[in-house]
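Written out below as structure tokens is the structure these notes cover.
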Amino acid sequence: MGVDGILDSVDDKAVVVPWIGSTSSKNLFTLVVISSCPKIIENISEALSDVHSKGSYKWKMNVLRSFNLEALLKQAPHTGKIAIDFIVMALDTSNILCLEITKDIVKQVHPDLRSRRVVLVNAGRLPPNSMAISAGELISFSADVGLNLLNANVFIREEAEFLAQRLFRYMEVTIGVKTGIPNINI
């Protein structure tokens, strides 16, 4: 039952704001790691899990791994609806089509949630002069779609864990873990 019947009229197919989703009352934080490279997905996910298990966080965490956000959302009728709190899009800059793949994923995220709930990670181990795309293209793409860009070589364990720590700090601020109020100014 909603407050004054307001939430009673919400359609089942409507997107639920993550911080009022069905999992929010359980101190459960769900994030998705998306990339075209399975090794990048695995390294970031493992680093997130390790940093979370070593830390003193008051919330539980689910890490979903996917190559495609749309495929993950198509599974919802079978697996049950999940409130996705945060999306980490990791670029494999050795792939010439990495920006095109990322553009397709970005289009699937609502613009209001995109700026606060999605982070772009340059996860490759390549120096800027060896990437399949130029550093200028990457920076301008990040600015055009309004995403924050983090850089880390996730193939080195320590750097992957440092990236996970930065992601947790960023996520806690945007979700409002300490204050209870999401920060919409990030």
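Ligands are numbered from 1 in the order shown, chains are lettered A, B, ... in the order of the structure tokens, and residues start at 1 in each chain.
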Can you tell me, as a PyMOL selection string, what residues are no more than 12 Å from range 41-55 of chain A when counting only C-alpha atoms, ignoring any on the same chain fewer than 6 positions away? chain A and resi 29-35+61-68+87-92+121-124+152-169+171
Using 12 Å as the limit and counting only C-alpha atoms, can you tabulate each residue of range 65-114 of chain A that touches range 127-149 of chain A, with its shortest atom-to-atom distance in Å and the two atoms involved, as CSV?
residue,atom,partner,partner_atom,distance
A:Ile87,CA,A:Leu147,CA,11.0
A:Val88,CA,A:Leu149,CA,10.3
A:Met89,CA,A:Leu149,CA,9.7
A:Ala90,CA,A:Leu149,CA,9.8
A:Leu91,CA,A:Leu138,CA,9.6
A:Asp92,CA,A:Met131,CA,9.1
A:Thr93,CA,A:Met131,CA,5.5
A:Ser94,CA,A:Ala132,CA,5.1
A:Asn95,CA,A:Ala132,CA,5.9
A:Ile96,CA,A:Ala132,CA,5.0
A:Leu97,CA,A:Ala132,CA,8.5
A:Cys98,CA,A:Ile133,CA,8.3
A:Leu99,CA,A:Leu138,CA,7.7
A:Glu100,CA,A:Phe141,CA,10.2
A:Thr102,CA,A:Phe141,CA,9.7
A:Lys103,CA,A:Val145,CA,8.5
A:Asp104,CA,A:Val145,CA,11.5
A:Ile105,CA,A:Val145,CA,11.2
A:Val106,CA,A:Val145,CA,7.8
A:Lys107,CA,A:Val145,CA,9.3
A:Val109,CA,A:Val145,CA,10.9
A:His110,CA,A:Val145,CA,11.4
A:Pro111,CA,A:Val145,CA,8.8
A:Asp112,CA,A:Gly146,CA,10.2
A:Leu113,CA,A:Leu147,CA,10.4
A:Arg114,CA,A:Leu147,CA,7.0
Write out as a ChimeraX atom specification the set of residues from range 64-180 of chain A that DSSP, computed on the backbone, places in helix (DSSP H, G or I). /A:69-74,76-79,98-106,111-117,128-130,135-145,157-175
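The space separating CA of Lys178 in chain A from CA of Gln108 in chain A comes to 28.9 Å.
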Interatomic distance, CA of Thr174 in chain A to CA of Ile101 in chain A (Å, one decimal): 25.3 Å
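When DSSP is run on the backbone, the residues of range 103-156 of chain A that fall into strand (DSSP E) are Val118, Val119, Leu120, Val121, Asn122, Asn148, Leu149, Leu150 and Asn151 of chain A.
Those residues that approach Asn27 in chain A to within 9 Å, counting only C-alpha atoms, are Thr23, Lys58, Trp59, Lys60 and Met61 of chain A; same-chain residues fewer than 4 positions away are not listed.
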